[in-house]
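The structure file model_11.txt is reproduced below (compact mmCIF, C-alpha atoms).
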# COMPACT_ATOMS: atom_id res chain seq x y z
CA MET A 1 -0.42 -11.80 27.34
CA HIS A 2 -1.12 -13.70 24.11
CA PHE A 3 -0.98 -12.12 20.64
CA SER A 4 -4.67 -11.19 20.39
CA GLY A 5 -4.43 -9.52 23.81
CA PHE A 6 -1.44 -7.50 22.65
CA ASP A 7 -3.25 -6.69 19.39
CA ILE A 8 -6.27 -5.16 21.14
CA SER A 9 -4.15 -3.49 23.86
CA LEU A 10 -2.00 -1.71 21.28
CA LEU A 11 -5.06 -0.73 19.25
CA SER A 12 -6.79 0.62 22.35
CA TRP A 13 -3.74 2.65 23.31
CA LEU A 14 -3.38 4.12 19.78
CA ASN A 15 -7.11 4.85 19.55
CA HIS A 16 -7.23 6.63 22.93
CA HIS A 17 -3.90 8.51 22.80
CA LEU A 18 -4.31 10.62 19.70
CA ILE A 19 -2.49 13.88 19.16
CA PRO A 20 -5.06 16.61 19.88
CA TYR A 21 -7.00 17.70 16.78
CA SER A 22 -5.30 15.03 14.61
CA VAL A 23 -8.45 13.10 13.64
CA PRO A 24 -9.33 15.26 10.59
CA VAL A 25 -5.75 14.95 9.29
CA LEU A 26 -5.73 11.19 9.87
CA ARG A 27 -9.04 10.88 8.03
CA ILE A 28 -7.66 12.80 5.06
CA ILE A 29 -4.59 10.55 4.98
CA SER A 30 -6.83 7.46 5.00
CA TYR A 31 -9.36 8.77 2.47
CA THR A 32 -6.76 9.87 -0.06
CA THR A 33 -4.80 6.62 -0.21
CA THR A 34 -6.15 5.47 -3.58
CA PHE A 35 -6.14 8.99 -5.01
CA ILE A 36 -2.48 9.43 -4.09
CA SER A 37 -1.61 5.97 -5.45
CA ILE A 38 -3.31 6.69 -8.76
CA ALA A 39 -1.82 10.20 -8.93
CA LEU A 40 1.71 8.80 -8.43
CA VAL A 41 1.17 6.21 -11.16
CA LEU A 42 -0.23 8.87 -13.53
CA MET A 43 2.73 11.15 -12.79
CA VAL A 44 5.02 8.36 -13.99
CA LEU A 45 2.91 7.96 -17.16
CA ILE A 46 2.97 11.71 -17.85
CA THR A 47 6.73 11.81 -17.25
CA SER A 48 7.20 8.94 -19.71
CA ILE A 49 5.20 10.82 -22.34
CA VAL A 50 6.93 14.16 -21.78
CA LYS A 51 10.41 12.59 -21.80
CA LYS A 52 9.46 10.10 -24.54
CA SER A 53 11.07 7.40 -22.43
CA ARG A 54 10.36 3.71 -22.95
CA SER A 55 12.03 2.79 -19.66
CA ILE A 56 9.79 5.18 -17.69
CA ARG A 57 6.76 3.88 -19.65
CA LYS A 58 7.75 0.37 -18.53
CA GLN A 59 7.82 1.64 -14.95
CA PHE A 60 4.30 3.00 -15.44
CA PHE A 61 3.09 -0.45 -16.52
CA VAL A 62 4.81 -1.99 -13.49
CA LEU A 63 3.07 0.46 -11.13
CA ALA A 64 -0.31 0.03 -12.85
CA SER A 65 0.08 -3.74 -12.49
CA VAL A 66 0.90 -3.29 -8.80
CA LEU A 67 -2.34 -1.33 -8.29
CA ILE A 68 -4.41 -3.93 -10.12
CA LEU A 69 -2.84 -6.80 -8.16
CA VAL A 70 -3.35 -4.91 -4.88
CA ALA A 71 -7.08 -4.57 -5.58
CA ILE A 72 -7.42 -8.26 -6.45
CA VAL A 73 -5.41 -9.54 -3.49
CA SER A 74 -6.93 -7.16 -0.95
CA GLN A 75 -10.53 -7.89 -1.92
CA GLY A 76 -9.81 -11.60 -2.29
CA LEU A 77 -8.35 -11.83 1.22
CA LYS A 78 -11.20 -9.79 2.69
CA THR A 79 -13.68 -12.17 1.05
CA PHE A 80 -12.01 -15.38 2.21
CA ILE A 81 -10.75 -14.26 5.64
CA TYR A 82 -13.55 -12.41 7.37
CA ARG A 83 -12.62 -10.56 10.55
CA GLU A 84 -15.03 -8.28 12.37
CA ARG A 85 -13.92 -4.65 12.66
CA PRO A 86 -12.48 -3.81 16.09
CA PHE A 87 -15.08 -1.12 16.86
CA LYS A 88 -17.81 -3.75 16.39
CA THR A 89 -16.16 -6.33 18.64
CA TYR A 90 -14.85 -3.99 21.35
CA LEU A 91 -17.17 -1.20 22.41
CA PHE A 92 -14.30 0.78 23.96
CA ILE A 93 -12.69 1.23 20.51
CA GLU A 94 -13.96 4.47 19.05
CA LYS A 95 -14.77 4.40 15.34
CA LEU A 96 -13.37 7.66 13.99
CA SER A 97 -13.45 6.85 10.28
CA GLU A 98 -15.27 4.76 7.72
CA GLY A 99 -14.57 1.06 7.68
CA GLY A 100 -16.87 -1.64 6.42
CA GLY A 101 -16.67 -5.31 5.63
CA SER A 102 -13.79 -7.44 6.75
CA SER A 103 -11.02 -5.91 8.79
CA PHE A 104 -8.31 -8.27 7.50
CA PRO A 105 -6.04 -7.13 5.94
CA SER A 106 -5.88 -3.35 5.96
CA GLY A 107 -6.41 -2.61 2.27
CA HIS A 108 -5.27 1.00 2.66
CA THR A 109 -2.00 -0.12 4.24
CA LEU A 110 -1.51 -2.90 1.71
CA GLU A 111 -1.93 -0.43 -1.15
CA ALA A 112 0.30 2.26 0.37
CA PHE A 113 3.17 -0.14 1.06
CA ALA A 114 2.87 -1.81 -2.35
CA ILE A 115 3.15 1.57 -4.08
CA ALA A 116 5.92 2.78 -1.74
CA THR A 117 7.96 -0.38 -2.23
CA SER A 118 7.62 -0.47 -6.01
CA LEU A 119 8.34 3.26 -6.38
CA SER A 120 11.40 2.86 -4.17
CA LEU A 121 12.71 0.04 -6.33
CA LEU A 122 11.95 1.76 -9.62
CA PHE A 123 13.17 5.22 -8.61
CA ALA A 124 15.78 4.61 -5.91
CA LYS A 125 16.28 8.25 -4.90
CA LYS A 126 15.99 9.60 -1.36
CA LYS A 127 13.65 12.38 -2.54
CA ILE A 128 11.20 9.65 -3.61
CA VAL A 129 11.87 6.84 -1.13
CA ILE A 130 11.59 8.89 2.09
CA PRO A 131 8.29 10.69 1.27
CA VAL A 132 6.51 7.59 -0.05
CA TYR A 133 7.47 5.50 2.97
CA LEU A 134 6.50 8.30 5.37
CA TRP A 135 3.14 8.47 3.60
CA ALA A 136 2.73 4.67 3.80
CA MET A 137 3.57 4.67 7.53
CA LEU A 138 1.06 7.48 8.16
CA VAL A 139 -1.60 5.50 6.32
CA ALA A 140 -0.83 2.44 8.47
CA TYR A 141 -0.92 4.46 11.69
CA SER A 142 -4.13 6.25 10.70
CA ARG A 143 -6.04 3.00 10.19
CA MET A 144 -5.29 1.91 13.77
CA ALA A 145 -5.61 5.31 15.42
CA LEU A 146 -9.02 5.79 13.79
CA GLY A 147 -10.16 2.46 15.26
CA VAL A 148 -10.97 0.65 12.01
CA HIS A 149 -8.13 -1.93 11.96
CA TYR A 150 -6.24 -4.08 14.41
CA PRO A 151 -2.44 -3.78 14.42
CA SER A 152 -2.27 -7.33 12.99
CA ASP A 153 -4.47 -6.21 10.04
CA VAL A 154 -2.05 -3.38 9.41
CA LEU A 155 1.02 -5.61 9.81
CA ALA A 156 -0.48 -8.03 7.27
CA GLY A 157 -1.05 -5.07 4.93
CA VAL A 158 2.59 -3.98 5.32
CA ILE A 159 3.94 -7.47 4.63
CA ILE A 160 1.61 -8.35 1.73
CA GLY A 161 1.86 -4.88 0.19
CA SER A 162 5.65 -4.84 0.42
CA PHE A 163 5.79 -8.30 -1.15
CA ILE A 164 3.57 -7.21 -4.05
CA GLY A 165 5.57 -3.99 -4.43
CA TRP A 166 8.79 -6.00 -4.62
CA SER A 167 7.61 -9.00 -6.66
CA VAL A 168 5.84 -7.21 -9.53
CA PRO A 169 8.92 -5.14 -10.54
CA TRP A 170 11.07 -8.25 -10.13
CA ILE A 171 8.78 -10.27 -12.43
CA PHE A 172 8.69 -7.47 -15.03
CA ASN A 173 12.48 -7.19 -14.96
CA ARG A 174 12.93 -10.93 -15.20
CA PHE A 175 10.64 -11.37 -18.20
CA THR A 176 11.43 -8.19 -20.11
CA THR A 177 15.17 -8.75 -19.68
CA ASN A 178 14.89 -12.38 -20.81
CA ARG A 179 12.76 -11.42 -23.79
CA LYS A 180 15.32 -8.84 -24.96
CA ILE A 181 18.22 -11.24 -24.59
CA ASN A 182 16.45 -14.16 -26.26
CA ASN A 183 14.77 -12.18 -29.04
CA PRO A 184 17.17 -11.83 -32.01
CA MET A 185 15.22 -8.83 -33.31
CA SER A 186 16.12 -6.82 -30.21
CA GLN A 187 19.87 -7.62 -30.16
CA SER A 188 20.55 -4.17 -31.56
CA ASP A 189 18.91 -2.68 -28.47
CA LEU A 190 21.51 -4.24 -26.16
What does the file become when written as structure tokens?
Amino acid sequence: MHFSGFDISLLSWLNHHLIPYSVPVLRIISYTTTFISIALVLMVLITSIVKKSRSIRKQFFVLASVLILVAIVSQGLKTFIYRERPFKTYLFIEKLSEGGGSSFPSGHTLEAFAIATSLSLLFAKKKIVIPVYLWAMLVAYSRMALGVHYPSDVLAGVIIGSFIGWSVPWIFNRFTTNRKINNPMSQSDL
């Protein structure tokens, strides 16, 4: 069986072997992806204000940048790489949620994994890492189970989202650290 055969076989199995009565929950998980992402970013902003912490404020800017980059990359890829939704191509795939435009990549999954990865790097505590990755995995699963994305769309979302979630904090650290070290006015901050 070649990759595309495996892709549709796995999707078909996930779409037709749902936990009874799970569709409403899976829809909620999918629909709230951006709301949860924005809420998490705003929680970091509020925490930075309450604690009057520059380092937490920097983390807010990192997370806000991640969200902006996710929107640009996701929509850019969907524009340049058009892939028909699985429920349109395969009549045996049941559409159980909203999904329009290009299927590739899964924007919900890309966003969830970008936020989970960046939060995990910025706040490396089990009480943060475990819940955000569980949420991201549920988002990924929901997109396939609801019949709106192929597993390869979701895998691409995981990989691209994780890369964005890793690279943006790395870039911020690299440039803010270098600026502090090279800027004589901030030597007292070291």
At most 10 Å from (2.3, 9.3, -14.8), file frame, all atoms listed in the file: which residues, as a PDB file with C-alpha atoms, keeping the file's coordinate frame?
ATOM      1  CA  ILE A  38      -3.310   6.690  -8.760  1.00  0.00           C
ATOM      2  CA  ALA A  39      -1.820  10.200  -8.930  1.00  0.00           C
ATOM      3  CA  LEU A  40       1.710   8.800  -8.430  1.00  0.00           C
ATOM      4  CA  VAL A  41       1.170   6.210 -11.160  1.00  0.00           C
ATOM      5  CA  LEU A  42      -0.230   8.870 -13.530  1.00  0.00           C
ATOM      6  CA  MET A  43       2.730  11.150 -12.790  1.00  0.00           C
ATOM      7  CA  VAL A  44       5.020   8.360 -13.990  1.00  0.00           C
ATOM      8  CA  LEU A  45       2.910   7.960 -17.160  1.00  0.00           C
ATOM      9  CA  ILE A  46       2.970  11.710 -17.850  1.00  0.00           C
ATOM     10  CA  THR A  47       6.730  11.810 -17.250  1.00  0.00           C
ATOM     11  CA  SER A  48       7.200   8.940 -19.710  1.00  0.00           C
ATOM     12  CA  ILE A  49       5.200  10.820 -22.340  1.00  0.00           C
ATOM     13  CA  VAL A  50       6.930  14.160 -21.780  1.00  0.00           C
ATOM     14  CA  ILE A  56       9.790   5.180 -17.690  1.00  0.00           C
ATOM     15  CA  ARG A  57       6.760   3.880 -19.650  1.00  0.00           C
ATOM     16  CA  GLN A  59       7.820   1.640 -14.950  1.00  0.00           C
ATOM     17  CA  PHE A  60       4.300   3.000 -15.440  1.00  0.00           C
ATOM     18  CA  PHE A  61       3.090  -0.450 -16.520  1.00  0.00           C
ATOM     19  CA  LEU A  63       3.070   0.460 -11.130  1.00  0.00           C
ATOM     20  CA  ALA A  64      -0.310   0.030 -12.850  1.00  0.00           C
TER      21      ALA A  64
END
### Task
Would you kindly return, as JSON, numbers by chain, each protein, DNA or RNA residue with an atom no farther than 10 Å from any atom of region 115-125 of chain A, considering only C-alpha atoms and excluding same-chain residues fewer than 5 positions away?
{"A": [36, 37, 38, 40, 41, 44, 56, 58, 59, 60, 62, 63, 64, 66, 67, 70, 109, 110, 130, 131, 132, 133, 134, 135, 136, 137, 158, 161, 162, 163, 164, 165, 166, 167, 168, 169, 170]}
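Going from CA of Ser65 (chain A) to CA of Ser53 (chain A) covers 18.5 Å.
The closest residue to Ser74 (chain A), picked from A:Pro20, A:Pro105, A:Pro86, A:Gly99 and counting only C-alpha atoms, is A:Pro105.
The space between CA of Asp153 (chain A) and CA of Ser103 (chain A) spans 6.7 Å.
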### Task
Just the residues within 9 Å of Val154 (chain A), please, counting all atoms listed in the file, with nothing from its chain fewer than 3 positions along; format it as a list of chain:residue names.
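My reading of the contact set: A:Phe104, A:Pro105, A:Ser106, A:Gly107, A:His108, A:Thr109, A:Leu110, A:Ala140, A:Tyr141, A:Arg143, A:Met144, A:His149, A:Tyr150, A:Pro151, A:Gly157, A:Val158, A:Ile159.
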